[in-house]
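Student: I have a structure I would like to understand better, so I am pasting it below and will then ask my questions one at a time.
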Amino acid sequence: MSQVLHPIEKKIINALKETEKLGIEELEQKTDLSADQVRRGIEWLKLKGLADVIESQETTHKLSSAGDEVLKSGLPERKLANLLKEEPKSFDEAKQSLSESDFHAAIANAKRNDWIQIEKDDSGNTKISLKVQDPQPSAEEKVLKEINQASFDQNALYHDKSQHEKLVGYFRLKKLGLIEEIVKKSKTILLTEKAKDIDTSQVDLEEIDVVAAVPVTFVARTHPLKEVISEIREIFTSLGFTEMLGNFTQPSFWNFDALFTPQDHPAREMQDTFYIKDSVAEKVASPVQIRQVAKSHKLGWNYNWNIEEAKKMVLRTHTTCVTIKYLADKKPDEARIFSLGRVFRNEKVSYKHLAEFNQVEGIVVGKDVTLRDLMGLQQEFYRKINLPKVKFWPTFFPYTEPSLQSMVYNERLGKWVELFGMGIFRPEVTKPLGITKPVLAWGGGIERIAMLKYGLDDVREFYNNNLGWLRTAIQCQ
Amino acid sequence: MPVVTLYLDRLQRLVGKTSKEKIISILPFLGLDIEEQTDEYVRVEYSPNRPDYATDFGIATGLQGLLGIKKGLVKLEIKKGPYQLKADQYVKKVRPYVTAIVAKNGTLDDETIRQLITLQEDLHFGIGRNRKKSSIGIHDLDKIEFPLRYTTATKEHRFVPLGSESENSMSEILENTEAGQQYSRLLGKSESVPVILDAKGNTISFPPIINSALTTVSTSTKNLLVEVTATDKNTAEDTLAVVAATLQNAGFLLTSVQISGAGNTTPSLKTKKMSLGVDLANKTLGLKTSSAIISAALKKCRLDALPKKNNISCTIPRFRFDILGPMDLIEEVALGYGIENLKPTLPQSSAVGEKNIVTKQLDLLSKIMVGLGFTEVINSSLVSKNTQYGMTNRDSFGFLQVVESKSQEHTILRDMLLPSMLDTLSRNVHEQYPQKLFEIGTVFSAEDPIREELSLCCISAHKDANYSEIKSILQSALKTGFNIESQTNTSTHFCFAKGKTADVVANNSKVGMIGEIDSAIVENFKIRMPVVAFEIKLSGLIFN
């Protein structure tokens, strides 16, 4: 396995190869690194399994300042013993020579040490006298004397049975506050076996194959078609258009009749439009709207319009049904709205045609809007999606007049491609619905634009959900 | 859209002084889309509202206008003739209207005949509404003895139909010929059928089904009879006007046929007058031009126009029945003025555009799902019943179906996204795992009115896929995106493994389902990895 080591790590490893165990401070000295560098280096080595850190804690002791005093002046019981060396003393005499607090401790401890006896004399006075002339040092005194010496072995105190007495003395002194305990935590660093084999001078010479292939990471992403749809939506809003949403299922009234499509028009036949089986709208429009549309059909197409036909539910064949309903209901004198979404045609699916695809349609209402404005909006739209070469040809749409189609030059294909259509709503459409100002309409299929963008020649690719393509189609086009 | 093939040599001869290149460059400005182009011919698509463009004669007339070779209206010159056609009362119930015209002293080559047949077919399909509203018969005039009678006959009536060598009864024709099978429904259940008979009793035509073999038109035919039968008188004359104008352009001399009986009259095929306001034209197109220039533009579109102060008096040939009002004339002005001469202008507006709130929320949700490592897919709203119900072992009732779909894959409206998502996994079994996918889409329920709601479906397939993973995704998506806490309550669902599925509950109501997909279902879809998924309704949860 190749191993990459940081210079800090190398220094630490080298130091530990010389001395098996080292503390942090020692490492600092040996490696000439800062405390922080050492700490970091140890962490890295630990993560790599190259170093072990043993945490330990050491307790040491020393006399407190009170302890130092006592060492000089002696414990109260020793003071008492010294006093009694001359002759036995009464309580009062002893009390006078010792301080009040020392006196009680001195009596209690001297008794426990079996140094003194307390007796009443013939005249009834209590006398304290030594049992032995010169009492041997007590356990406390021994500890007191030895504790600051280097030879004092703390561990022996605990583990050597013969020293039990001393241990008792040690605790007594501690209780009296004459001994201070000092706890010292420390870390010891050791190399693991793995690290011991590392030759730090060779480590960087082990190379990795930087050219070799690596596993492919696929990015999670939104659908490429959705990205185009979002972009188009952004452009419409940037041109001042507000989005309208509407249902996919619509009564024929709004999909066809309101747009002046006669009821016997071939586009309304089942072979072009998806009718929903056994589905009829209860209420399609207001009575006035229905009456006026009926009149317009009678006048324009010379037949008897039938409400039952208008109630049949279809899958919308264009998004215009959404915009026309908005216009009919709100009758704005000025508006910029758009509708974007799925539309349906009963078509045989092929590389060119889908039964279900996306369409966008923008509407401009205003008293002074013109065909040239409509052309200008197209041009601006195409400029924004980076299709700057645009020209216009006449065409035919059943509900607009005049009608144009835009041709856009595609560099990849090296030819002009037909994109959005446009026109001014026919008066036969607007008048019956009470819309009095001119209405410019423009739009078309989105997949066509997306195909140009992603360089596809088969529109079905967008709906195949072929992960091979979805995962690799270049996002920035 | 109908398509016509134009041979360039022939078209150039018809148009007159101009080059083929010029012709090709101008064709789109007549509204003709070039579908195919070779050195010899171009194939163009024309709008169904301009059936006069079904032949090169009509297109040549249009080209002459835009090229400035000939301008103004081509008048129909109809000489009065001795011909008579009488309808009787019997036709009223089956196909009430008839009209006709005679065209004489023309020459027909193979190409002209081919084009006339195409014109006839396109008229049948468009204005004729698949022969229902009107149908045309073109006959060799010299085989016919006048006067003609438009009447009915029984289904036992016999004659030799076009393309046959022996007599057939009407029933046989309806049952055995292609045209008979295709159009017999237009005659309904009536016992009698319409027929045109000549003075000798010969059957000329069995409208709207087939002509007789007797009057077959060939390259040696010099004189023609055109008859149109219809369910609407106006449509009959519209149809006849297109054929008459075409034949006149082709060099025939038109002669009238006197029509009478059962409410039928001789067609006048007269021009129509219409007035166009100069202001309206200028205002609509964004121009500030004179009535003279507008009139000139109209003339280039082969209409007649007479400028009068603020109005232009326009004369429109009978076959231009696509012109209903001033807006149609304005389109002609645009074409004659030249679309390329209309410079685009960007209208000033202070309107502030905005995305719909639902769109915004969905975009946000997509971002979250992508952030959670899921890739978006798009499936159709129309799905197959087999995927939606069969493969997921689900009872199929109360689903929404479309009528006569051309594709077996698109027959019902989906009520859930999950089956299509499983299908997506099924089609990608050869791709690298893990496969983590989501879809946001509309689902439909068969209520009255039909209910459309937005759903989110999320699916994960890989060797370690498990319930905890997908529940964690669900909770994270709803919490991070919309601050909605969701719970999962023990339940059972079709498609999901027993004991490993739950209801998704949020805001105190059930919004969907979650779990591990049953191994039998996974197998149905030929997926060889464990699959976990959830599907929740977004409508009512993150928006109303």
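Following the order of the structure tokens, chains are lettered A, B, ..., residues in each are numbered from 1, and ligands are numbered from 1.
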Taking only C-alpha atoms into account and nothing else, which residues of chain B lie no more than 7 Å away from chain A? Please answer as a count of residues only.
Tutor: 49
Student: Hey, what's within 8 Å of Ile210 of chain B if we count only C-alpha atoms and toss same-chain stuff fewer than 3 positions away? As a ChimeraX atom specification, please?
Tutor: /B:137,161-162,179-180,205-207
Student: Residues of segment 180-423 of chain A classed as strand (DSSP E) by DSSP on the backbone are to be reported as a ChimeraX atom specification.
Tutor: /A:180-191,242-244,249-251,275-280,312-315,335-344,356-365,390-394,400-410,415-423
Student: Taking the DSSP secondary structure from the backbone, can you list the residues of segment 305-381 of chain A that are alpha helix (DSSP H), as a ChimeraX atom specification?
Tutor: /A:307-311,320-330,371-381
Student: Within 8 Å of Gly72 of chain B, counting only C-alpha atoms, which residues show up once you throw out same-chain ones fewer than 6 positions away? Write them as number ranges by chain, please.
Tutor: B: 65, 298-305
Student: Just to be explicit: take each residue in the selection above, keep N, CA and C atoms, and write the result as a short mmCIF file (atom, residue, chain, number, x, y, z; two decimals), in the first residue's frame.
Tutor:
```cif
data_model
loop_
_atom_site.label_atom_id
_atom_site.label_comp_id
_atom_site.auth_asym_id
_atom_site.auth_seq_id
_atom_site.Cartn_x
_atom_site.Cartn_y
_atom_site.Cartn_z
N GLY B 65 -48.62 36.68 -58.68
CA GLY B 65 -48.98 37.86 -57.89
C GLY B 65 -47.80 38.39 -57.11
N LEU B 298 -52.89 43.99 -51.81
CA LEU B 298 -54.02 43.07 -51.99
C LEU B 298 -54.04 42.50 -53.40
N LYS B 299 -53.72 43.35 -54.36
CA LYS B 299 -53.72 42.89 -55.76
C LYS B 299 -52.64 41.83 -56.00
N LYS B 300 -51.52 41.99 -55.30
CA LYS B 300 -50.47 40.98 -55.43
C LYS B 300 -50.94 39.62 -54.91
N CYS B 301 -51.97 39.66 -54.07
CA CYS B 301 -52.53 38.40 -53.57
C CYS B 301 -53.73 37.96 -54.40
N ARG B 302 -53.79 38.51 -55.59
CA ARG B 302 -54.80 38.14 -56.59
C ARG B 302 -56.23 38.43 -56.15
N LEU B 303 -56.37 39.55 -55.45
CA LEU B 303 -57.70 40.08 -55.14
C LEU B 303 -57.80 41.40 -55.88
N ASP B 304 -59.01 41.91 -56.02
CA ASP B 304 -59.15 43.26 -56.57
C ASP B 304 -59.38 44.24 -55.43
N ALA B 305 -58.76 45.42 -55.54
CA ALA B 305 -58.87 46.39 -54.46
C ALA B 305 -58.96 47.78 -55.06
#
```
Student: Taking 3 positions as the minimum chain separation for residues in the same chain, which residues sit within 7 Å of segment 90-104 of chain B when counting only C-alpha atoms? Answer as a list in words.
Tutor: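 Here the answer would be Thr151, Thr152, Leu187, Val193, Pro194, Lys222, Asn223, Leu224, Leu225, Val226, Glu227, Val228, Thr229, Ala230, Thr231, Asp232, Lys233, Ala236, Glu237, Leu247, Phe252, Leu253, Leu254, Thr255, Ser256, Val257, Ile259, Asn264 and Pro267 of chain B.
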Student: Store the residues of this selection in a file with C-alpha atoms, as a PDB file, in the first residue's frame.
Tutor:
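Final output, saved to part.pdb:
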```pdb
ATOM      1  CA  THR B 151     -82.304  11.078 -57.992  1.00  0.00           C
ATOM      2  CA  THR B 152     -82.178   7.981 -55.850  1.00  0.00           C
ATOM      3  CA  LEU B 187     -75.460   6.971 -46.525  1.00  0.00           C
ATOM      4  CA  VAL B 193     -79.038   5.740 -52.430  1.00  0.00           C
ATOM      5  CA  PRO B 194     -78.248   8.891 -54.469  1.00  0.00           C
ATOM      6  CA  LYS B 222     -61.113  17.303 -74.055  1.00  0.00           C
ATOM      7  CA  ASN B 223     -64.319  18.302 -72.259  1.00  0.00           C
ATOM      8  CA  LEU B 224     -65.276  17.764 -68.647  1.00  0.00           C
ATOM      9  CA  LEU B 225     -68.357  17.722 -66.459  1.00  0.00           C
ATOM     10  CA  VAL B 226     -67.756  18.500 -62.778  1.00  0.00           C
ATOM     11  CA  GLU B 227     -70.565  17.683 -60.383  1.00  0.00           C
ATOM     12  CA  VAL B 228     -70.668  18.193 -56.646  1.00  0.00           C
ATOM     13  CA  THR B 229     -73.209  16.666 -54.285  1.00  0.00           C
ATOM     14  CA  ALA B 230     -73.477  17.884 -50.737  1.00  0.00           C
ATOM     15  CA  THR B 231     -75.424  18.089 -47.514  1.00  0.00           C
ATOM     16  CA  ASP B 232     -74.974  21.875 -47.493  1.00  0.00           C
ATOM     17  CA  LYS B 233     -75.664  24.085 -50.485  1.00  0.00           C
ATOM     18  CA  ALA B 236     -71.355  22.489 -52.620  1.00  0.00           C
ATOM     19  CA  GLU B 237     -70.738  25.809 -54.368  1.00  0.00           C
ATOM     20  CA  LEU B 247     -59.789  24.202 -64.591  1.00  0.00           C
ATOM     21  CA  PHE B 252     -60.477  25.096 -70.006  1.00  0.00           C
ATOM     22  CA  LEU B 253     -63.440  27.241 -70.969  1.00  0.00           C
ATOM     23  CA  LEU B 254     -66.165  27.167 -68.365  1.00  0.00           C
ATOM     24  CA  THR B 255     -69.776  26.685 -69.364  1.00  0.00           C
ATOM     25  CA  SER B 256     -72.704  26.721 -66.990  1.00  0.00           C
ATOM     26  CA  VAL B 257     -75.022  23.849 -66.211  1.00  0.00           C
ATOM     27  CA  ILE B 259     -79.498  23.257 -62.056  1.00  0.00           C
ATOM     28  CA  ASN B 264     -81.327  23.435 -56.072  1.00  0.00           C
ATOM     29  CA  PRO B 267     -74.515  28.317 -59.115  1.00  0.00           C
TER      30      PRO B 267
END
```
Student: Find the spatial neighbours of Gln258 of chain B, counting only C-alpha atoms, within a cut-off of 8 Å - ignore same-chain residues fewer than 3 positions away - and output them as a VMD selection string.
Tutor: chain B and resid 81 to 85 265 to 266
Student: Deliver the residues from the most recent selection as a file, using N, CA and C atoms, as an mmCIF file, in the first residue's frame.
Tutor:
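The result, written out as result-v4.cif:
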```
data_model
loop_
_atom_site.group_PDB
_atom_site.id
_atom_site.type_symbol
_atom_site.label_atom_id
_atom_site.label_comp_id
_atom_site.auth_asym_id
_atom_site.auth_seq_id
_atom_site.Cartn_x
_atom_site.Cartn_y
_atom_site.Cartn_z
ATOM 1 N N GLY B 81 -74.483 27.686 -71.083
ATOM 2 C CA GLY B 81 -74.504 26.483 -71.906
ATOM 3 C C GLY B 81 -75.880 25.853 -71.947
ATOM 4 N N PRO B 82 -76.065 24.845 -72.796
ATOM 5 C CA PRO B 82 -77.366 24.178 -72.971
ATOM 6 C C PRO B 82 -77.598 23.060 -71.956
ATOM 7 N N TYR B 83 -76.654 22.898 -71.040
ATOM 8 C CA TYR B 83 -76.713 21.712 -70.176
ATOM 9 C C TYR B 83 -77.679 21.892 -69.002
ATOM 10 N N GLN B 84 -78.340 20.789 -68.684
ATOM 11 C CA GLN B 84 -79.308 20.838 -67.593
ATOM 12 C C GLN B 84 -79.157 19.650 -66.650
ATOM 13 N N LEU B 85 -79.359 19.950 -65.373
ATOM 14 C CA LEU B 85 -79.357 18.886 -64.358
ATOM 15 C C LEU B 85 -80.510 19.160 -63.418
ATOM 16 N N THR B 265 -80.337 25.286 -57.293
ATOM 17 C CA THR B 265 -80.327 26.354 -58.286
ATOM 18 C C THR B 265 -78.976 26.387 -58.991
ATOM 19 N N THR B 266 -78.943 27.060 -60.126
ATOM 20 C CA THR B 266 -77.693 27.187 -60.884
ATOM 21 C C THR B 266 -76.709 28.025 -60.071
#
```
Student: Which residue, A:Lys17, A:Lys111, A:His297, A:Lys89, has the smallest gap to Ile198 of chain A when you use only C-alpha atoms?
Tutor: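 Among A:Lys17, A:Lys111, A:His297, A:Lys89, it is A:Lys17 that comes nearest to Ile198 of chain A.
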Student: Measuring atom to atom with only C-alpha atoms, identify which of A:Lys21, A:Lys127, A:His6, A:Lys142 is nearest to Tyr170 of chain A.
Tutor: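 For Tyr170 of chain A, the nearest of the candidates is A:Lys142.
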Student: If we count only C-alpha atoms and set the cut-off at 9 Å, which residues sit around Ser426 of chain B, ignoring sequence neighbours fewer than 3 positions away in its own chain? Please answer as JSON, numbers by chain.
Tutor: {"B": [421, 422, 423, 429, 522, 525, 526, 527]}
Student: Restricting it to N, CA and C atoms, dump the selection as an mmCIF file, in the first residue's frame.
Tutor:
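Below is the file that was written, selection.cif:
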```
data_model
loop_
_atom_site.group_PDB
_atom_site.id
_atom_site.type_symbol
_atom_site.label_atom_id
_atom_site.label_comp_id
_atom_site.auth_asym_id
_atom_site.auth_seq_id
_atom_site.Cartn_x
_atom_site.Cartn_y
_atom_site.Cartn_z
ATOM 1 N N MET B 421 -42.817 4.245 -12.821
ATOM 2 C CA MET B 421 -41.469 4.301 -12.255
ATOM 3 C C MET B 421 -40.855 2.906 -12.221
ATOM 4 N N LEU B 422 -41.661 1.912 -11.874
ATOM 5 C CA LEU B 422 -41.169 0.528 -11.878
ATOM 6 C C LEU B 422 -40.810 0.130 -13.304
ATOM 7 N N ASP B 423 -41.642 0.577 -14.246
ATOM 8 C CA ASP B 423 -41.379 0.297 -15.648
ATOM 9 C C ASP B 423 -40.052 0.939 -16.070
ATOM 10 N N VAL B 429 -32.363 -2.054 -16.349
ATOM 11 C CA VAL B 429 -31.694 -3.060 -15.505
ATOM 12 C C VAL B 429 -30.213 -3.236 -15.866
ATOM 13 N N VAL B 522 -41.527 -6.945 -8.183
ATOM 14 C CA VAL B 522 -40.178 -6.641 -8.687
ATOM 15 C C VAL B 522 -39.830 -7.628 -9.802
ATOM 16 N N PHE B 525 -41.484 -7.006 -13.159
ATOM 17 C CA PHE B 525 -40.798 -5.975 -13.944
ATOM 18 C C PHE B 525 -39.354 -6.373 -14.286
ATOM 19 N N LYS B 526 -39.015 -7.619 -13.960
ATOM 20 C CA LYS B 526 -37.691 -8.157 -14.288
ATOM 21 C C LYS B 526 -36.551 -7.337 -13.690
ATOM 22 N N ILE B 527 -36.799 -6.799 -12.502
ATOM 23 C CA ILE B 527 -35.758 -6.041 -11.807
ATOM 24 C C ILE B 527 -35.081 -7.020 -10.850
#
```
Student: Report the distance between atom CA of Gly126 of chain B and atom CA of Tyr46 of chain B in Å, rounded to one decimal place.
Tutor: 11.9 Å
Student: With only C-alpha atoms as the basis for distance, which of A:Ile54, A:Leu419, A:Leu387, A:Val132 is at the shortest distance from Leu22 of chain A?
Tutor: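 Closest residue, counting only C-alpha atoms: A:Ile54.
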Student: Would you compute the distance between atom CA of His124 of chain B and atom CA of Val3 of chain B? Give it in Å to one decimal.
Tutor: 14.4 Å
